[in-house]
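J.: Contents of coords38.cif (mmCIF, C-alpha atoms, pLDDT in the B column; chains and numbers go by the auth columns) are below:
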```
data_coords
loop_
_atom_site.group_PDB
_atom_site.id
_atom_site.type_symbol
_atom_site.label_atom_id
_atom_site.label_comp_id
_atom_site.label_asym_id
_atom_site.label_seq_id
_atom_site.Cartn_x
_atom_site.Cartn_y
_atom_site.Cartn_z
_atom_site.B_iso_or_equiv
_atom_site.auth_seq_id
_atom_site.auth_asym_id
ATOM 1 C CA MET A 1 136.014 66.249 100.403 44.00 917 A
ATOM 2 C CA SER A 2 134.405 65.407 97.106 45.00 918 A
ATOM 3 C CA MET A 3 135.532 66.888 93.860 45.00 919 A
ATOM 4 C CA LYS A 4 132.797 68.104 91.594 46.00 920 A
ATOM 5 C CA THR A 5 133.252 67.821 87.901 46.00 921 A
ATOM 6 C CA LEU A 6 133.042 71.188 86.282 42.00 922 A
ATOM 7 C CA LYS A 7 130.782 71.261 83.313 44.00 923 A
ATOM 8 C CA ARG A 8 132.193 73.257 80.456 41.00 924 A
ATOM 9 C CA ALA A 9 129.852 76.028 79.442 47.00 925 A
ATOM 10 C CA GLY A 10 128.850 76.397 75.824 44.00 926 A
ATOM 11 C CA PRO A 11 129.609 79.508 73.858 49.00 927 A
ATOM 12 C CA PRO A 12 128.099 82.673 75.316 61.00 928 A
ATOM 13 C CA ASP A 13 124.832 83.851 73.842 74.00 929 A
ATOM 14 C CA PRO A 14 125.208 87.198 72.052 70.00 930 A
ATOM 15 C CA ALA A 15 121.530 87.918 72.649 83.00 931 A
ATOM 16 C CA ARG A 16 122.388 88.240 76.356 88.00 932 A
ATOM 17 C CA HIS A 17 123.571 91.795 75.671 89.00 933 A
ATOM 18 C CA VAL A 18 120.374 92.501 73.755 94.00 934 A
ATOM 19 C CA PHE A 19 118.209 91.330 76.657 94.00 935 A
ATOM 20 C CA GLN A 20 120.255 93.381 79.140 93.00 936 A
ATOM 21 C CA ALA A 21 119.927 96.501 76.979 94.00 937 A
ATOM 22 C CA CYS A 22 116.175 95.982 76.609 95.00 938 A
ATOM 23 C CA ARG A 23 115.749 95.521 80.366 94.00 939 A
ATOM 24 C CA LEU A 24 117.677 98.738 80.980 94.00 940 A
ATOM 25 C CA TYR A 25 115.591 100.560 78.402 96.00 941 A
ATOM 26 C CA ASP A 26 112.398 99.349 80.064 96.00 942 A
ATOM 27 C CA ALA A 27 113.685 100.327 83.518 95.00 943 A
ATOM 28 C CA ILE A 28 115.291 103.716 82.877 95.00 944 A
ATOM 29 C CA GLY A 29 114.662 104.614 79.222 96.00 945 A
ATOM 30 C CA ARG A 30 112.056 107.282 80.044 97.00 946 A
ATOM 31 C CA ASP A 31 114.372 108.909 82.575 96.00 947 A
ATOM 32 C CA ILE A 32 117.215 108.949 80.085 97.00 948 A
ATOM 33 C CA LEU A 33 115.063 110.444 77.327 97.00 949 A
ATOM 34 C CA ALA A 34 113.739 113.078 79.764 97.00 950 A
ATOM 35 C CA ASP A 35 117.289 114.278 80.446 97.00 951 A
ATOM 36 C CA ALA A 36 117.587 117.412 78.280 98.00 952 A
ATOM 37 C CA GLU A 37 121.344 117.125 77.717 97.00 953 A
ATOM 38 C CA ILE A 38 121.137 113.483 76.705 97.00 954 A
ATOM 39 C CA ALA A 39 118.100 114.192 74.506 98.00 955 A
ATOM 40 C CA ARG A 40 120.065 116.912 72.664 98.00 956 A
ATOM 41 C CA ALA A 41 123.062 114.581 72.292 98.00 957 A
ATOM 42 C CA LEU A 42 120.799 111.829 70.937 98.00 958 A
ATOM 43 C CA GLU A 43 119.335 114.292 68.420 98.00 959 A
ATOM 44 C CA ARG A 44 122.843 115.293 67.269 98.00 960 A
ATOM 45 C CA TYR A 45 123.740 111.616 67.009 98.00 961 A
ATOM 46 C CA GLY A 46 120.586 110.877 65.013 98.00 962 A
ATOM 47 C CA SER A 47 121.428 113.737 62.635 98.00 963 A
ATOM 48 C CA ALA A 48 124.962 112.430 62.191 98.00 964 A
ATOM 49 C CA ILE A 49 123.619 108.914 61.538 98.00 965 A
ATOM 50 C CA ARG A 50 121.243 110.269 58.882 98.00 966 A
ATOM 51 C CA ALA A 51 124.106 112.180 57.235 98.00 967 A
ATOM 52 C CA THR A 52 126.238 109.025 57.114 97.00 968 A
ATOM 53 C CA ARG A 53 123.377 106.975 55.705 96.00 969 A
ATOM 54 C CA ALA A 54 122.713 109.554 53.007 97.00 970 A
ATOM 55 C CA ALA A 55 126.387 109.655 52.046 97.00 971 A
ATOM 56 C CA PHE A 56 126.624 105.841 51.998 94.00 972 A
ATOM 57 C CA ALA A 57 123.492 105.587 49.860 93.00 973 A
ATOM 58 C CA GLN A 58 124.709 108.209 47.410 94.00 974 A
ATOM 59 C CA ALA A 59 128.112 106.513 47.115 94.00 975 A
ATOM 60 C CA GLY A 60 126.551 103.066 46.573 90.00 976 A
ATOM 61 C CA VAL A 61 128.058 101.604 49.750 89.00 977 A
ATOM 62 C CA PHE A 62 124.757 100.158 50.994 82.00 978 A
ATOM 63 C CA ASP A 63 124.148 98.380 47.699 81.00 979 A
ATOM 64 C CA ALA A 64 127.638 96.867 47.690 80.00 980 A
ATOM 65 C CA CYS A 65 127.467 95.835 51.348 76.00 981 A
ATOM 66 C CA SER A 66 123.967 94.362 51.090 72.00 982 A
ATOM 67 C CA ALA A 67 124.967 92.276 48.083 71.00 983 A
ATOM 68 C CA CYS A 68 127.974 90.914 49.944 72.00 984 A
ATOM 69 C CA ALA A 69 126.977 90.678 53.609 63.00 985 A
ATOM 70 C CA ALA A 70 124.505 87.816 53.498 56.00 986 A
ATOM 71 C CA HIS A 71 126.510 85.760 51.025 64.00 987 A
ATOM 72 C CA VAL A 72 130.203 86.051 51.906 61.00 988 A
ATOM 73 C CA PHE A 73 131.362 84.252 55.052 57.00 989 A
ATOM 74 C CA GLY A 74 134.070 86.152 56.859 54.00 990 A
ATOM 75 C CA GLY A 75 133.172 89.527 55.390 65.00 991 A
ATOM 76 C CA CYS A 76 132.735 92.559 57.579 74.00 992 A
ATOM 77 C CA CYS A 77 129.585 91.059 59.172 75.00 993 A
ATOM 78 C CA PHE A 78 131.507 88.089 60.541 75.00 994 A
ATOM 79 C CA PRO A 79 129.928 86.125 63.420 75.00 995 A
ATOM 80 C CA ASP A 80 132.008 87.561 66.254 80.00 996 A
ATOM 81 C CA MET A 81 131.338 91.167 65.230 84.00 997 A
ATOM 82 C CA GLU A 82 128.246 91.163 67.450 88.00 998 A
ATOM 83 C CA TRP A 83 130.496 90.972 70.530 87.00 999 A
ATOM 84 C CA ASN A 84 131.843 94.438 69.761 88.00 1000 A
ATOM 85 C CA TYR A 85 128.452 95.845 70.730 92.00 1001 A
ATOM 86 C CA THR A 86 128.286 96.607 74.432 91.00 1002 A
ATOM 87 C CA VAL A 87 125.103 96.761 76.469 93.00 1003 A
ATOM 88 C CA VAL A 88 125.477 100.566 76.474 94.00 1004 A
ATOM 89 C CA HIS A 89 125.731 100.678 72.685 95.00 1005 A
ATOM 90 C CA LEU A 90 122.664 98.482 72.348 96.00 1006 A
ATOM 91 C CA LEU A 91 120.819 100.653 74.881 97.00 1007 A
ATOM 92 C CA ILE A 92 121.599 103.661 72.684 98.00 1008 A
ATOM 93 C CA ASN A 93 120.054 101.804 69.763 98.00 1009 A
ATOM 94 C CA ARG A 94 116.874 101.283 71.806 98.00 1010 A
ATOM 95 C CA LEU A 95 116.884 104.971 72.805 98.00 1011 A
ATOM 96 C CA LEU A 96 117.013 105.787 69.087 98.00 1012 A
ATOM 97 C CA GLY A 97 113.973 103.585 68.463 97.00 1013 A
ATOM 98 C CA CYS A 98 115.781 100.578 67.022 97.00 1014 A
ATOM 99 C CA ASN A 99 114.312 97.134 67.618 95.00 1015 A
ATOM 100 C CA LEU A 100 117.029 94.643 68.490 95.00 1016 A
ATOM 101 C CA PRO A 101 117.083 91.091 67.109 93.00 1017 A
ATOM 102 C CA THR A 102 117.544 88.164 69.474 91.00 1018 A
ATOM 103 C CA ARG A 103 118.131 85.505 66.823 89.00 1019 A
ATOM 104 C CA HIS A 104 120.506 85.303 63.891 86.00 1020 A
ATOM 105 C CA ALA A 105 118.987 85.706 60.440 85.00 1021 A
ATOM 106 C CA TYR A 106 122.154 84.056 59.076 80.00 1022 A
ATOM 107 C CA ALA A 107 123.789 81.411 61.271 77.00 1023 A
ATOM 108 C CA ASP A 108 127.375 82.228 60.319 78.00 1024 A
ATOM 109 C CA GLN A 109 127.127 86.008 60.406 82.00 1025 A
ATOM 110 C CA CYS A 110 126.668 88.850 62.889 87.00 1026 A
ATOM 111 C CA LEU A 111 123.502 88.783 65.001 91.00 1027 A
ATOM 112 C CA PHE A 112 122.624 92.244 63.696 92.00 1028 A
ATOM 113 C CA LEU A 113 122.754 91.360 60.000 86.00 1029 A
ATOM 114 C CA GLY A 114 119.396 91.259 58.228 84.00 1030 A
ATOM 115 C CA ASP A 115 118.206 90.844 54.640 78.00 1031 A
ATOM 116 C CA LYS A 116 119.148 94.412 53.702 76.00 1032 A
ATOM 117 C CA GLY A 117 122.256 94.856 55.810 80.00 1033 A
ATOM 118 C CA CYS A 118 122.758 95.960 59.397 87.00 1034 A
ATOM 119 C CA LEU A 119 119.633 96.162 61.529 92.00 1035 A
ATOM 120 C CA LEU A 120 121.140 98.618 64.007 95.00 1036 A
ATOM 121 C CA THR A 121 120.689 102.371 63.915 97.00 1037 A
ATOM 122 C CA ALA A 122 123.828 103.189 65.911 97.00 1038 A
ATOM 123 C CA LYS A 123 126.717 101.156 64.585 95.00 1039 A
ATOM 124 C CA ASN A 124 130.095 100.233 66.013 93.00 1040 A
ATOM 125 C CA HIS A 125 133.031 102.301 64.773 92.00 1041 A
ATOM 126 C CA PHE A 126 134.501 99.253 63.010 90.00 1042 A
ATOM 127 C CA CYS A 127 131.302 98.759 61.022 88.00 1043 A
ATOM 128 C CA LEU A 128 131.383 102.397 59.948 92.00 1044 A
ATOM 129 C CA ASN A 129 135.100 102.613 59.157 90.00 1045 A
ATOM 130 C CA TYR A 130 135.609 99.308 57.379 87.00 1046 A
ATOM 131 C CA PHE A 131 135.506 99.397 53.600 88.00 1047 A
ATOM 132 C CA CYS A 132 136.520 96.273 51.704 86.00 1048 A
ATOM 133 C CA GLN A 133 138.913 96.486 48.775 87.00 1049 A
ATOM 134 C CA ASP A 134 136.054 96.438 46.241 87.00 1050 A
ATOM 135 C CA VAL A 135 134.288 99.383 47.868 89.00 1051 A
ATOM 136 C CA GLN A 136 137.577 101.264 48.296 92.00 1052 A
ATOM 137 C CA ARG A 137 138.328 100.860 44.581 93.00 1053 A
ATOM 138 C CA LYS A 138 134.828 102.011 43.647 92.00 1054 A
ATOM 139 C CA LEU A 139 135.057 105.099 45.883 94.00 1055 A
ATOM 140 C CA GLY A 140 138.615 106.038 45.052 95.00 1056 A
ATOM 141 C CA PRO A 141 140.842 107.940 47.503 96.00 1057 A
ATOM 142 C CA THR A 142 138.841 111.187 47.340 96.00 1058 A
ATOM 143 C CA GLY A 143 135.471 109.501 47.827 95.00 1059 A
ATOM 144 C CA LEU A 144 136.776 107.343 50.657 96.00 1060 A
ATOM 145 C CA LYS A 145 138.263 110.358 52.447 96.00 1061 A
ATOM 146 C CA ALA A 146 134.982 112.268 52.142 96.00 1062 A
ATOM 147 C CA LEU A 147 133.000 109.337 53.577 96.00 1063 A
ATOM 148 C CA LEU A 148 135.432 108.847 56.441 96.00 1064 A
ATOM 149 C CA GLN A 149 135.036 112.504 57.436 97.00 1065 A
ATOM 150 C CA ILE A 150 131.255 112.071 57.626 97.00 1066 A
ATOM 151 C CA VAL A 151 131.662 108.789 59.511 97.00 1067 A
ATOM 152 C CA GLY A 152 134.004 110.519 61.969 97.00 1068 A
ATOM 153 C CA ARG A 153 131.282 113.003 62.888 98.00 1069 A
ATOM 154 C CA GLU A 154 128.873 110.133 63.565 98.00 1070 A
ATOM 155 C CA ILE A 155 131.397 108.289 65.714 98.00 1071 A
ATOM 156 C CA MET A 156 132.109 111.409 67.779 98.00 1072 A
ATOM 157 C CA ALA A 157 128.390 112.113 68.279 98.00 1073 A
ATOM 158 C CA GLY A 158 127.875 108.525 69.422 98.00 1074 A
ATOM 159 C CA TRP A 159 130.813 108.738 71.783 97.00 1075 A
ATOM 160 C CA GLU A 160 129.284 111.866 73.343 98.00 1076 A
ATOM 161 C CA VAL A 161 126.026 109.997 74.056 98.00 1077 A
ATOM 162 C CA GLU A 162 127.891 107.011 75.433 95.00 1078 A
ATOM 163 C CA LEU A 163 129.949 109.172 77.805 95.00 1079 A
ATOM 164 C CA LEU A 164 126.853 111.005 79.053 96.00 1080 A
ATOM 165 C CA LEU A 165 125.095 107.709 79.751 96.00 1081 A
ATOM 166 C CA LEU A 166 128.088 106.221 81.508 93.00 1082 A
ATOM 167 C CA HIS A 167 128.542 109.357 83.605 92.00 1083 A
ATOM 168 C CA ARG A 168 124.899 109.709 84.660 91.00 1084 A
ATOM 169 C CA TYR A 169 123.746 106.085 84.816 88.00 1085 A
ATOM 170 C CA ARG A 170 126.895 104.128 85.661 84.00 1086 A
ATOM 171 C CA SER A 171 125.349 102.338 88.656 75.00 1087 A
ATOM 172 C CA GLU A 172 122.235 101.281 86.741 74.00 1088 A
ATOM 173 C CA ILE A 173 124.153 100.196 83.638 74.00 1089 A
ATOM 174 C CA PHE A 174 126.767 98.166 85.467 66.00 1090 A
ATOM 175 C CA VAL A 175 124.552 96.411 88.032 56.00 1091 A
#
```
Here is the file; what I need is its structure written in the form of structure tokens.

T.:
Amino acid sequence: MSMKTLKRAGPPDPARHVFQACRLYDAIGRDILADAEIARALERYGSAIRATRAAFAQAGVFDACSACAAHVFGGCCFPDMEWNYTVVHLLINRLLGCNLPTRHAYADQCLFLGDKGCLLTAKNHFCLNYFCQDVQRKLGPTGLKALLQIVGREIMAGWEVELLLLHRYRSEIFV
């Protein structure tokens, strides 16, 4: 019996999830979008996303995050954040019309970070709920609470879409 030397694999490629989500979108995206219940849930999710974006813009969160994200290593867009995005979550982004990056714009940051902040339409709950100390001070307790209530509606709408997809397309998603 010969012993083979195992070659240690390099770090996993975060774009693997992107490619899987894009393949799923190409294979079953039309079927998913033709499902009336999922289409309604996606519309509710899109509305909740737009409400969050409007609230973030009005509160100055986007400006603060954009100024910080590309320049501060270890901020909320840290390199391992991309692993919190599942294939299902990335598929939802494609269903919402979001183009997914396959290469990092910034080597030491999240795959989904671009020049003006996050490139994703549907964001992970951490990305929506995390406010650094500077932003928290700027918002104050009342402003922060108001934003978190809006964010909560977005997270719940996204969870509804995710559950519908997992229920209806489990075998295709987890092949």

J.: Mind giving me the straight-line distance from CA of Glu953 in chain A to CA of His933 in chain A in Å, one decimal?

T.: 25.5 Å

J.: Dump as a Markdown table the rows for residues of range 926-1031 of chain A within 12 Å of range 1049-1052 of chain A: closest atom pair and distance in Å with one decimal, only C-alpha atoms counted, ordered by chain and rising residue number.

T.:
```
| residue | atom | partner | partner_atom | distance |
| --- | --- | --- | --- | --- |
| A:Phe972 | CA | A:Val1051 | CA | 10.8 |
| A:Ala975 | CA | A:Val1051 | CA | 9.5 |
| A:Gly976 | CA | A:Val1051 | CA | 8.7 |
| A:Val977 | CA | A:Val1051 | CA | 6.9 |
| A:Phe978 | CA | A:Val1051 | CA | 10.1 |
| A:Asp979 | CA | A:Val1051 | CA | 10.2 |
| A:Ala980 | CA | A:Val1051 | CA | 7.1 |
| A:Cys981 | CA | A:Val1051 | CA | 8.4 |
| A:Ser982 | CA | A:Val1051 | CA | 11.9 |
| A:Ala983 | CA | A:Val1051 | CA | 11.7 |
| A:Cys984 | CA | A:Asp1050 | CA | 10.5 |
| A:Gly991 | CA | A:Gln1049 | CA | 11.2 |
| A:Cys992 | CA | A:Gln1049 | CA | 11.4 |
```

J.: Pull out every residue that the PyMOL selection byres ((chain A and resi 1016) around 8) matches in the shown coordinates and put them as a list in words.

T.: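 So the PyMOL selection byres ((chain A and resi 1016) around 8) ends up selecting Val934, Leu1006, Asn1009, Arg1010, Cys1014, Asn1015, Pro1017, Thr1018, Phe1028, Leu1035 and Leu1036 of chain A.
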
J.: Please provide the set of residues having any atom within 9 Å of range 1073-1076 of chain A, restricted to only C-alpha atoms, with same-chain residues fewer than 4 positions apart removed, written as a list in words.

T.: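 Result of the neighbour search: Ile954, Ala957, Leu958, Arg960, Tyr961, Gly962, Ala964, Ile965, His1005, Ile1008, Ala1038, Lys1039, Gly1068, Arg1069, Leu1080 and Leu1081 of chain A.
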
J.: So how many Å separate CA of Glu1088 in chain A and CA of Cys938 in chain A, to one decimal?

T.: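 Going from CA of Glu1088 in chain A over to CA of Cys938 in chain A, I get 12.9 Å.
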
J.: From the set A:Leu1060, A:Leu1027, A:Leu1007, A:Leu1055, which residue has the shortest atom-to-atom contact distance to Gly945 in chain A, counting all atoms listed in the file?

T.: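 Ranked by minimum distance to Gly945 in chain A, first place goes to A:Leu1007.
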
J.: One decimal, Å: what's the distance from CA of Thr968 in chain A over to CA of Ile1066 in chain A, could you say?

T.: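 These two atoms are separated by 5.9 Å.
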
J.: Show me, as a ChimeraX atom specification, the residues that have an atom within 6 Å of Gln1025 in chain A when counting all atoms listed in the file, minus same-chain residues fewer than 6 positions from it.

T.: /A:993-995

J.: Looking at A:Val1004, A:Ala952, A:Cys1034, A:Glu998, which one is nearest to Arg939 in chain A, with distances taken over all atoms listed in the file?

T.: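 Nearest to Arg939 in chain A: A:Val1004.
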
J.: Using only C-alpha atoms, which of A:Ile944, A:Ala971, A:Met997, A:Val1077 sits nearest Gln1065 in chain A?

T.: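 Selected residue with least distance to Gln1065 in chain A: A:Ala971.
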
J.: Which residue out of A:Glu959, A:Asp947, A:Asp1024, A:Glu1070 has the minimum interatomic distance to Leu1044 in chain A when all atoms listed in the file are used?

T.: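 So, comparing all the options, the nearest one is A:Glu1070.
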
J.: Pick the closest to Pro930 in chain A from A:Ala1021, A:Cys1026, A:Ala967, A:Leu1012: which is it, counting all atoms listed in the file?

T.: A:Cys1026

J.: Ranking A:Ala970, A:Ala1062, A:Tyr1022, A:Tyr1001 by minimum distance to Gln936 in chain A and counting only C-alpha atoms, which one comes first?

T.: A:Tyr1001
